[in-house]
Structure formats: C-alpha cells, structure tokens
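Engineer: There's a structure below that I have some questions on.
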Amino acid sequence: MVQGKYILSGSVAALFAVPAAGGAPPTAAAPQQRPNILFILSDDHTAQGWGIYGGILAPYVRNDNIARLAREGCVLDNCFCTNSISVPSRAAILTGQYSNSNGVYTLDDALKPEQDNIAKRMQAAGYQTALIGKWHLKKQPSGFDYFSVLHDQGEYFDPIFKGAHDWVDDCEGRTGTVVEGFSTDIVTDKTIEWLSTRDRSKPFMMFCHFKATHEPFHFPERLAHIYDHVEEFPEPANLMEFGPQASGRVFPGQQLENMGRRWTIASETPESWWTDYPELPFSTAGLDSVAARRKIYQKLVRDYLRCVAVVDENIGRLLDWLDSEGIADNTIVIYTSDQGYFLGEHGFFDKRVMYEESIRMPFVVRYPREIPAGRRSGDIVLNIDFASLLADYAKSETPENAQGRSFRRLLAGDDGERFRKDMYYRYWMNEVIRPAHFGIRNDRYKLIFFYGKGEREIAKGDPDMGLRLWELYDLATDPQQNRNIYGDAAFAEIVAAMKSRLLELKAEYGDTDDSSELKRVMESYWE
C-alpha cells in the first residue's frame, strides 16, 4: 500500500476506503454483460511525443506500451479538443459539453459538483466509479464512489493527495496527505490498489489521471540518462520562425524564449518562480538568437521525452495488471491527453491556439471483444463525444444536455458515412501573444477568427482591444500551417462557405453571443 505523511489528520485506511464487498479474494473475472473501463488521461502529452503518429521525434520516443495499445486496438488520427486548455478540456470530457454550455471557459473556472457528468450516469447505471490523480477542476469531484486527487496542478515529487474525507476546494487552502515518491508512479500505485480491492460484483469505471507531461516536465532519477546517447534531437522545420512575417499569422505566440526565461529565473532566484525544473542552472547568455533558441529547444525536448517515458512505463504496469487479473478482454482501455502541445513548432511551446499541434488529442482505445486490432480512423472526433461513448458501452444515460455522440461504431470498424464533417473550436482566454479566437476545421481547411476579447471582457463590454484578424490554412498542402492564405482571391469561395458553416456550428452548440459585445465585433469584422 502507498504510504503517506499527513498535513491534516486521517489514515491510510480512510484513504483507500471501499465498500466491504471489496475484500473478496482475487479471482478470474466472471463473464459480464458490460465491460470495465480504464480511462487513462495525461496532461499535454502531444501527438508528436507519442511515437505512433510519426514526426521527427518518433524514433526517439519510449512508447512500448502506447505502441502495444495501438497494435491491439484503434488509433484516432483526427481527435480534437474544443478548447485547448486543461480545465475546460477536462470539463468537456466529463459533461460532453462545450465551454459555453458547461460554464468552464478558462483556467480560473470550476466544475460545480451539482453539474451532471458521465461519472454520475455510470454510477447510477451500476458501475463502481473511481478517480485517481489530476483533477484540476477545483471543487469536489462528484459521481465517484472513491477519489484521491492531486491538490490543484499537483507536484511531481512527494505530491499532496486529498479525498472525500479531507476535501477542501483548491482555492480555499492547501490540504491533504503528502505521499512520498514520483507522481506518475504513485497515481498508478493508487489505481492498482483500488482496482485490487474493488467490489468485484460490479463493473468498474476508473479515471486514472497523470500530471505528466505538464510543465515542468520532471522525471524520476531512473530515467535521467536514457537519452545520454542522443547529442541533438532533430528540429521542426519552422523552429526558427521568430515572428509572424514569414507565415502571415496574426499573433506573436508563446515563443520558446519565454521558456528559456523561466528556466533562467528559476536558476537564479528559485523562490521567485511558481515551480522548479529539472537539471538547472540554465542560461543562454552570450548566444545569438538562433543558438539560444536551439539550446532552449534541446532542453525542452530532452526533459519532455523523459517525462513521457515514465508515463509509458506506468501504462505498461496497468496493462500487465489487467492481464494478471484475467480481465483484459472485458476491459476497455483508453489512453488520451487533455490537449496537444507545441514542441518548438513555429518557435512555440504551450498550447491554446487552434493549430494542429495544440488541438489534436492523441487517442488510442483497446477493447478486444469489439474493436479490431491495428485499426486507425481519420474521422473527426471531439472530446465532447467521450461521455457519450462511455455511456454507450456502459448502457447508461448520457449526461444531461450532452452535445457529443458515441463513436462506438467507428471504433468497431464501420467506415461508412463520416462521423463528423467538420468541427468548431473556441478559446476564451485573451492575451496579446494568444488572443481569444474561434474557428472551424474540416478535412482540408481551417479558418480562424482572432477577435481579441476574453470572455470576461466581453461580458463587461470592455473597450475594443484592436485585433480583428483571420487565418486560413489548406491542411492538404500545408499541414504545418506555415502560410496564411486568408485574403488570397483563389480561396474566396471557400472562405465564404466556411464562414457560413461556422455560424451554423456556433448556433448548433448554442454559442451565439447574441447579447454580448462580440456580436458588435462580429458585425464589424466578419467580412
């Protein structure tokens, strides 16, 4: 059992409290009408760092167990989040709703316990439900028979966990139990502990959520030297895009130099920064802009891929446990990330922007009883669809007012009518480097409107922030989005059709902005 030292009073027994029936000895699983579900979620584990999606880093990624899931299940090549930032994406997964419907727009928002979610629906349908690891939705989780979650973002080393017995909302204080060790390992330990003592008379739905691979990209010492043989990692072709001039993009972006500055501050005055980083000190003093960017990129990728390696190790531990219990055939295993992440593309890091690296959610699912091994699908799937998929498998109701739909038939091999022909995206936060925006993506084109107002600025009718600009990309000829072709007369008809469809999607999802300041903005800058 995982041991802990306490900040507040409690007991290890309380930490792992389960119904009395959980004490039954391990036995091979009896046939069940409904499958178990193990939903593994990481943070910022971008497709470029999975190894099964190709790319320049694929030969370097430690991904034995992710690759195993891909061989034995189905990989989604075009799965996307609807708001590429952790808190809103996690809320969309649980509720099956866009941000404007569930009320979770930004990092500052919370999912209210009284809101409906897929855990409540599966619980009502007879599933035993549990949540372990990163929560990040601020208020107490609801719909789970058991939960033990990280405080706020969580720490990589000796993290604090809290459960129903010692719950305090994140904004009201730092409380819970310190558990010694590395976060990803501990989350897996706790997951296996709960699964081993669960009520075996019921199917289970376990949400296993890793903090990794979120900044600051830590890794345990056992993996510190796995890339010592790599002198330099290959660079993305657009790494040296220092500004918007070459591509015609309309915003500066979160450039790698900001990450370098964070490392430098944490090296020189660690008490002044919000977190620590591996293998400091770091400095680019005396380097020109190209050499400095290259140095920042190399450290970012080296740290990131070591953080990835421990995730893959722990996925392997979970798969091995299912095998040892004899329940792998009747357990749906899903591994995905709450959004993507830039690893130097366009000279960026972080996410948020409606570019492929940021909005793509790598996704693999294995269910031997129904999903053909080695399958891949290019259909467009969204995070608002996940709740409906789980409800379909569990034979439960979907959350109230869910806006997604089940893609079970797609996973099972139905390649008939397309699941979705296009998708709507909206990022509600607003900064100069990453303005608020919304857009539409279909199989070939992506159209984005950077309107430059945050959700709260719109609600208050704050003064115009001065940015009303469009971007259009042809993903067939320009998959890296290196050339903004908005304004090219050759694409005028495509732009007009996509703007019309964009309004349809906004209306379909109830994101109409009818009474907001944005309505005036749209009327002024739509053409």
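Identifiers in the structure tokens: chain A, B, ... in order shown; residue index from 1 per chain; ligand index from 1 in order shown.
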Among range 22-253 of chain A, which ones does DSSP assign to alpha helix (DSSP H) (computed from the backbone)? Answer as a count of residues only.
Structural biologist: 44
Engineer: Within 12 Å of Arg62 in chain A, counting only C-alpha atoms, which residues qualify if same-chain residues fewer than 3 places away don't, as a list in words?
Structural biologist: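 That gives Gly49, Trp50, Gly51, Ile52, Leu57, Ala58, Pro59, Asn65, Ile66, Ala67, Arg68, Leu223, Ile226, Tyr227, Arg302, Tyr304, Leu305, Arg306, Cys307, Val308, Ala309, Val310, Val311, Asp312, Glu313, Asn314, Ile315 and Gly316 of chain A.
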Engineer: Based on the selection just made, write C-alpha atoms of those residues as a PDB file, in the first residue's frame.
Structural biologist:
```pdb
ATOM      1  CA  GLY A  49       5.538  12.742 -28.329  1.00  0.00           C
ATOM      2  CA  TRP A  50       3.580   9.503 -28.768  1.00  0.00           C
ATOM      3  CA  GLY A  51       5.715   7.860 -31.434  1.00  0.00           C
ATOM      4  CA  ILE A  52       2.712   6.267 -33.181  1.00  0.00           C
ATOM      5  CA  LEU A  57      10.700  12.662 -32.693  1.00  0.00           C
ATOM      6  CA  ALA A  58       9.042   9.292 -33.341  1.00  0.00           C
ATOM      7  CA  PRO A  59      12.335   7.336 -33.453  1.00  0.00           C
ATOM      8  CA  ASN A  65       3.119   0.254 -24.149  1.00  0.00           C
ATOM      9  CA  ILE A  66       1.413   3.010 -26.126  1.00  0.00           C
ATOM     10  CA  ALA A  67       2.504   1.157 -29.259  1.00  0.00           C
ATOM     11  CA  ARG A  68       1.122  -2.054 -27.779  1.00  0.00           C
ATOM     12  CA  LEU A 223      15.140   7.731 -16.388  1.00  0.00           C
ATOM     13  CA  ILE A 226      18.029   7.361 -21.169  1.00  0.00           C
ATOM     14  CA  TYR A 227      18.920   9.936 -23.829  1.00  0.00           C
ATOM     15  CA  ARG A 302      15.057  16.107 -23.677  1.00  0.00           C
ATOM     16  CA  TYR A 304       9.753  16.239 -22.158  1.00  0.00           C
ATOM     17  CA  LEU A 305      10.624  12.835 -23.620  1.00  0.00           C
ATOM     18  CA  ARG A 306      11.946  11.610 -20.278  1.00  0.00           C
ATOM     19  CA  CYS A 307       8.670  12.698 -18.710  1.00  0.00           C
ATOM     20  CA  VAL A 308       6.881  10.760 -21.478  1.00  0.00           C
ATOM     21  CA  ALA A 309       8.923   7.632 -20.779  1.00  0.00           C
ATOM     22  CA  VAL A 310       7.620   7.303 -17.217  1.00  0.00           C
ATOM     23  CA  VAL A 311       4.034   7.626 -18.471  1.00  0.00           C
ATOM     24  CA  ASP A 312       4.616   4.772 -20.904  1.00  0.00           C
ATOM     25  CA  GLU A 313       6.190   2.651 -18.166  1.00  0.00           C
ATOM     26  CA  ASN A 314       3.151   3.087 -15.962  1.00  0.00           C
ATOM     27  CA  ILE A 315       0.684   2.358 -18.740  1.00  0.00           C
ATOM     28  CA  GLY A 316       2.583  -0.913 -19.055  1.00  0.00           C
TER      29      GLY A 316
END
```
Engineer: Quick one: contact table of range 141-194 of chain A to range 317-322 of chain A, 12 Å max, nearest atom pair and distance in Å to one decimal per residue, counting only C-alpha atoms, chain and number order, as a tab-separated table?
Structural biologist:
```
residue	atom	partner	partner_atom	distance
A:Thr184	CA	A:Arg317	CA	11.3
A:Asp185	CA	A:Arg317	CA	9.5
A:Ile186	CA	A:Arg317	CA	11.8
A:Val187	CA	A:Leu318	CA	10.7
A:Thr188	CA	A:Leu318	CA	7.2
A:Asp189	CA	A:Arg317	CA	9.2
A:Lys190	CA	A:Leu318	CA	11.0
A:Thr191	CA	A:Leu318	CA	8.4
A:Ile192	CA	A:Leu318	CA	7.2
A:Glu193	CA	A:Trp321	CA	10.6
```
Engineer: Those same residues - all heavy atoms - I'd like them written as a PDB file, in the first residue's frame.
Structural biologist:
```pdb
ATOM      1  N   THR A 184       3.676  10.137 -11.170  1.00  0.00           N
ATOM      2  CA  THR A 184       3.126   9.179 -12.133  1.00  0.00           C
ATOM      3  C   THR A 184       3.125   7.765 -11.561  1.00  0.00           C
ATOM      4  O   THR A 184       2.163   7.006 -11.738  1.00  0.00           O
ATOM      5  CB  THR A 184       3.910   9.229 -13.450  1.00  0.00           C
ATOM      6  OG1 THR A 184       4.070  10.597 -13.851  1.00  0.00           O
ATOM      7  CG2 THR A 184       3.198   8.470 -14.549  1.00  0.00           C
ATOM      8  N   ASP A 185       4.194   7.414 -10.856  1.00  0.00           N
ATOM      9  CA  ASP A 185       4.264   6.104 -10.202  1.00  0.00           C
ATOM     10  C   ASP A 185       3.194   5.973  -9.126  1.00  0.00           C
ATOM     11  O   ASP A 185       2.538   4.930  -8.996  1.00  0.00           O
ATOM     12  CB  ASP A 185       5.638   5.907  -9.557  1.00  0.00           C
ATOM     13  CG  ASP A 185       6.783   5.891 -10.560  1.00  0.00           C
ATOM     14  OD1 ASP A 185       6.554   5.547 -11.731  1.00  0.00           O
ATOM     15  OD2 ASP A 185       7.910   6.216 -10.152  1.00  0.00           O
ATOM     16  N   ILE A 186       3.012   7.046  -8.342  1.00  0.00           N
ATOM     17  CA  ILE A 186       2.060   6.989  -7.235  1.00  0.00           C
ATOM     18  C   ILE A 186       0.631   6.862  -7.741  1.00  0.00           C
ATOM     19  O   ILE A 186      -0.174   6.089  -7.197  1.00  0.00           O
ATOM     20  CB  ILE A 186       2.209   8.230  -6.339  1.00  0.00           C
ATOM     21  CG1 ILE A 186       3.583   8.257  -5.686  1.00  0.00           C
ATOM     22  CG2 ILE A 186       1.123   8.255  -5.265  1.00  0.00           C
ATOM     23  CD1 ILE A 186       3.932   9.588  -5.036  1.00  0.00           C
ATOM     24  N   VAL A 187       0.285   7.622  -8.776  1.00  0.00           N
ATOM     25  CA  VAL A 187      -1.065   7.531  -9.342  1.00  0.00           C
ATOM     26  C   VAL A 187      -1.340   6.099  -9.801  1.00  0.00           C
ATOM     27  O   VAL A 187      -2.433   5.562  -9.592  1.00  0.00           O
ATOM     28  CB  VAL A 187      -1.245   8.546 -10.491  1.00  0.00           C
ATOM     29  CG1 VAL A 187      -2.536   8.270 -11.258  1.00  0.00           C
ATOM     30  CG2 VAL A 187      -1.243   9.970  -9.945  1.00  0.00           C
ATOM     31  N   THR A 188      -0.350   5.470 -10.425  1.00  0.00           N
ATOM     32  CA  THR A 188      -0.506   4.075 -10.851  1.00  0.00           C
ATOM     33  C   THR A 188      -0.629   3.144  -9.651  1.00  0.00           C
ATOM     34  O   THR A 188      -1.482   2.236  -9.636  1.00  0.00           O
ATOM     35  CB  THR A 188       0.675   3.654 -11.735  1.00  0.00           C
ATOM     36  OG1 THR A 188       0.780   4.560 -12.833  1.00  0.00           O
ATOM     37  CG2 THR A 188       0.477   2.240 -12.268  1.00  0.00           C
ATOM     38  N   ASP A 189       0.203   3.347  -8.626  1.00  0.00           N
ATOM     39  CA  ASP A 189       0.098   2.536  -7.409  1.00  0.00           C
ATOM     40  C   ASP A 189      -1.309   2.623  -6.832  1.00  0.00           C
ATOM     41  O   ASP A 189      -1.916   1.597  -6.462  1.00  0.00           O
ATOM     42  CB  ASP A 189       1.087   3.041  -6.342  1.00  0.00           C
ATOM     43  CG  ASP A 189       2.536   2.789  -6.692  1.00  0.00           C
ATOM     44  OD1 ASP A 189       2.795   1.946  -7.568  1.00  0.00           O
ATOM     45  OD2 ASP A 189       3.401   3.451  -6.087  1.00  0.00           O
ATOM     46  N   LYS A 190      -1.816   3.827  -6.716  1.00  0.00           N
ATOM     47  CA  LYS A 190      -3.145   4.034  -6.137  1.00  0.00           C
ATOM     48  C   LYS A 190      -4.232   3.401  -7.003  1.00  0.00           C
ATOM     49  O   LYS A 190      -5.223   2.855  -6.500  1.00  0.00           O
ATOM     50  CB  LYS A 190      -3.412   5.534  -5.963  1.00  0.00           C
ATOM     51  CG  LYS A 190      -2.716   6.181  -4.779  1.00  0.00           C
ATOM     52  CD  LYS A 190      -2.952   7.686  -4.785  1.00  0.00           C
ATOM     53  CE  LYS A 190      -2.640   8.313  -3.445  1.00  0.00           C
ATOM     54  NZ  LYS A 190      -3.675   8.074  -2.435  1.00  0.00           N
ATOM     55  N   THR A 191      -4.061   3.508  -8.307  1.00  0.00           N
ATOM     56  CA  THR A 191      -5.039   2.911  -9.224  1.00  0.00           C
ATOM     57  C   THR A 191      -5.092   1.397  -9.049  1.00  0.00           C
ATOM     58  O   THR A 191      -6.171   0.797  -8.923  1.00  0.00           O
ATOM     59  CB  THR A 191      -4.690   3.278 -10.677  1.00  0.00           C
ATOM     60  OG1 THR A 191      -4.779   4.700 -10.844  1.00  0.00           O
ATOM     61  CG2 THR A 191      -5.632   2.602 -11.656  1.00  0.00           C
ATOM     62  N   ILE A 192      -3.931   0.770  -9.026  1.00  0.00           N
ATOM     63  CA  ILE A 192      -3.879  -0.680  -8.863  1.00  0.00           C
ATOM     64  C   ILE A 192      -4.397  -1.084  -7.486  1.00  0.00           C
ATOM     65  O   ILE A 192      -5.100  -2.089  -7.338  1.00  0.00           O
ATOM     66  CB  ILE A 192      -2.449  -1.190  -9.116  1.00  0.00           C
ATOM     67  CG1 ILE A 192      -2.092  -1.016 -10.598  1.00  0.00           C
ATOM     68  CG2 ILE A 192      -2.305  -2.651  -8.691  1.00  0.00           C
ATOM     69  CD1 ILE A 192      -0.642  -1.342 -10.932  1.00  0.00           C
ATOM     70  N   GLU A 193      -4.086  -0.291  -6.467  1.00  0.00           N
ATOM     71  CA  GLU A 193      -4.584  -0.572  -5.120  1.00  0.00           C
ATOM     72  C   GLU A 193      -6.109  -0.584  -5.089  1.00  0.00           C
ATOM     73  O   GLU A 193      -6.728  -1.500  -4.530  1.00  0.00           O
ATOM     74  CB  GLU A 193      -4.042   0.484  -4.149  1.00  0.00           C
ATOM     75  CG  GLU A 193      -4.523   0.365  -2.723  1.00  0.00           C
ATOM     76  CD  GLU A 193      -3.793  -0.721  -1.958  1.00  0.00           C
ATOM     77  OE1 GLU A 193      -2.638  -1.035  -2.312  1.00  0.00           O
ATOM     78  OE2 GLU A 193      -4.387  -1.243  -0.992  1.00  0.00           O
TER      79      GLU A 193
END
```
Engineer: With only C-alpha atoms as the counted atoms, please give the residues lying no more than 12 Å from Glu417 in chain A, apart from itself and same-chain residues fewer than 4 positions off, as a list in words.
Structural biologist: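 Answer for this query is Asp379, Ile380, Phe407, Arg409, Leu410, Gly413 and Lys421 of chain A.
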Engineer: If you run DSSP on this backbone, which residues of range 95-132 of chain A come out as strand (DSSP E or B), and could you give them as a list in words?
Structural biologist: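 Selection result, strand (DSSP E or B) within range 95-132 of chain A: Gln128, Thr129, Ala130, Leu131 and Ile132 of chain A.
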Engineer: Please compute the CA of Leu94 in chain A-CA of Asn117 in chain A distance, one decimal, in Å.
Structural biologist: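 Result for CA of Leu94 in chain A versus CA of Asn117 in chain A: 5.2 Å, one decimal.
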Engineer: Could you give me, as CSV, a per-residue list for range 388-461 of chain A showing, wherever an atom lies at most 9 Å from an atom of range 248-272 of chain A, the closest pair of atoms and their distance in Å to one decimal, using only C-alpha atoms and sorting by chain then residue number from low to high?
Structural biologist:
```
residue,atom,partner,partner_atom,distance
A:Val432,CA,A:Phe251,CA,7.4
A:Ile433,CA,A:Gly253,CA,4.7
A:Arg434,CA,A:Gly253,CA,5.6
A:Pro435,CA,A:Phe251,CA,7.3
A:Phe450,CA,A:Val250,CA,8.0
```
Engineer: Using only C-alpha atoms, determine which residues lie at most 6 Å from Arg426 in chain A, disregarding the query and same-chain residues fewer than 5 positions distant; provide the list as a list in words.
Structural biologist: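 Residues meeting the cut-off are Asn83, His437 and Phe438 of chain A.
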Engineer: Using only C-alpha atoms, find each residue in range 24-105 of chain A having at least one atom no more than 8 Å away from range 136-159 of chain A; report its shortest atom-to-atom pair and that distance in Å (one decimal), rows by chain then rising number, as CSV.
Structural biologist:
```
residue,atom,partner,partner_atom,distance
A:Ser86,CA,A:His136,CA,7.8
A:Val87,CA,A:Leu137,CA,5.9
A:Arg90,CA,A:Leu137,CA,7.7
A:Ala91,CA,A:Leu137,CA,7.4
```
Engineer: Please list as a list in words every residue within 7 Å of Cys81 in chain A, counting only C-alpha atoms and excluding residues in the same chain fewer than 6 positions away.
Structural biologist: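 Near neighbours after the sequence-gap exclusion: Ser89, Gln339, Ile359, Arg360, Met361, Leu382 and Asn383 of chain A.
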Engineer: For the selection just defined, write its residues with N, CA, C and O atoms to a file, as a CSV table (one decimal), in the first residue's frame.
Structural biologist:
```csv
chain,number,residue,atom,x,y,z
A,89,SER,N,-11.0,21.6,-21.1
A,89,SER,CA,-11.0,20.3,-21.8
A,89,SER,C,-11.4,19.2,-20.9
A,89,SER,O,-12.2,18.3,-21.3
A,339,GLN,N,-5.1,17.7,-24.2
A,339,GLN,CA,-4.9,18.5,-25.4
A,339,GLN,C,-3.5,18.2,-25.9
A,339,GLN,O,-2.8,17.4,-25.4
A,359,ILE,N,-4.4,21.5,-30.7
A,359,ILE,CA,-5.8,21.0,-30.6
A,359,ILE,C,-6.0,19.5,-30.8
A,359,ILE,O,-7.0,18.9,-30.3
A,360,ARG,N,-5.0,18.8,-31.4
A,360,ARG,CA,-5.1,17.4,-31.6
A,360,ARG,C,-4.9,16.6,-30.3
A,360,ARG,O,-4.0,16.8,-29.5
A,361,MET,N,-5.9,15.8,-30.0
A,361,MET,CA,-5.8,14.9,-28.8
A,361,MET,C,-5.4,13.5,-29.3
A,361,MET,O,-6.3,12.8,-29.9
A,382,LEU,N,-14.4,14.5,-31.3
A,382,LEU,CA,-14.2,15.6,-30.3
A,382,LEU,C,-14.2,15.1,-28.9
A,382,LEU,O,-14.9,14.1,-28.6
A,383,ASN,N,-13.6,15.9,-28.0
A,383,ASN,CA,-13.7,15.5,-26.6
A,383,ASN,C,-15.1,15.5,-26.0
A,383,ASN,O,-15.4,14.8,-25.0
```
Engineer: Kindly indicate which residue among A:His229, A:Lys453, A:Arg483, A:Arg366 lies nearest to Leu518 in chain A, using only C-alpha atoms for the distances.
Structural biologist: A:Lys453
Engineer: If I take CA of Gly96 in chain A and CA of Tyr335 in chain A, how far is one from the other in Å, to one decimal?
Structural biologist: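 It comes out at 17.5 Å.
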Engineer: Determine, for each residue of range 307-399 of chain A having at least one atom at most 12 Å from an atom of range 475-479 of chain A, the closest pair of atoms and their separation in Å to one decimal, counting only C-alpha atoms; order by chain and ascending number, as a Markdown table.
Structural biologist:
```
| residue | atom | partner | partner_atom | distance |
| --- | --- | --- | --- | --- |
| A:Glu345 | CA | A:Pro479 | CA | 11.8 |
| A:Tyr355 | CA | A:Pro479 | CA | 9.7 |
| A:Glu356 | CA | A:Pro479 | CA | 8.1 |
| A:Glu357 | CA | A:Pro479 | CA | 10.2 |
```
Engineer: How about saving the chosen residues, C-alpha atoms kept, as an mmCIF file, in the first residue's frame?
Structural biologist:
```cif
data_model
loop_
_atom_site.group_PDB
_atom_site.id
_atom_site.type_symbol
_atom_site.label_atom_id
_atom_site.label_comp_id
_atom_site.auth_asym_id
_atom_site.auth_seq_id
_atom_site.Cartn_x
_atom_site.Cartn_y
_atom_site.Cartn_z
ATOM 1 C CA GLU A 345 6.805 24.186 -33.973
ATOM 2 C CA TYR A 355 -3.174 24.916 -34.646
ATOM 3 C CA GLU A 356 -2.870 21.172 -35.149
ATOM 4 C CA GLU A 357 -0.157 20.591 -32.554
#
```
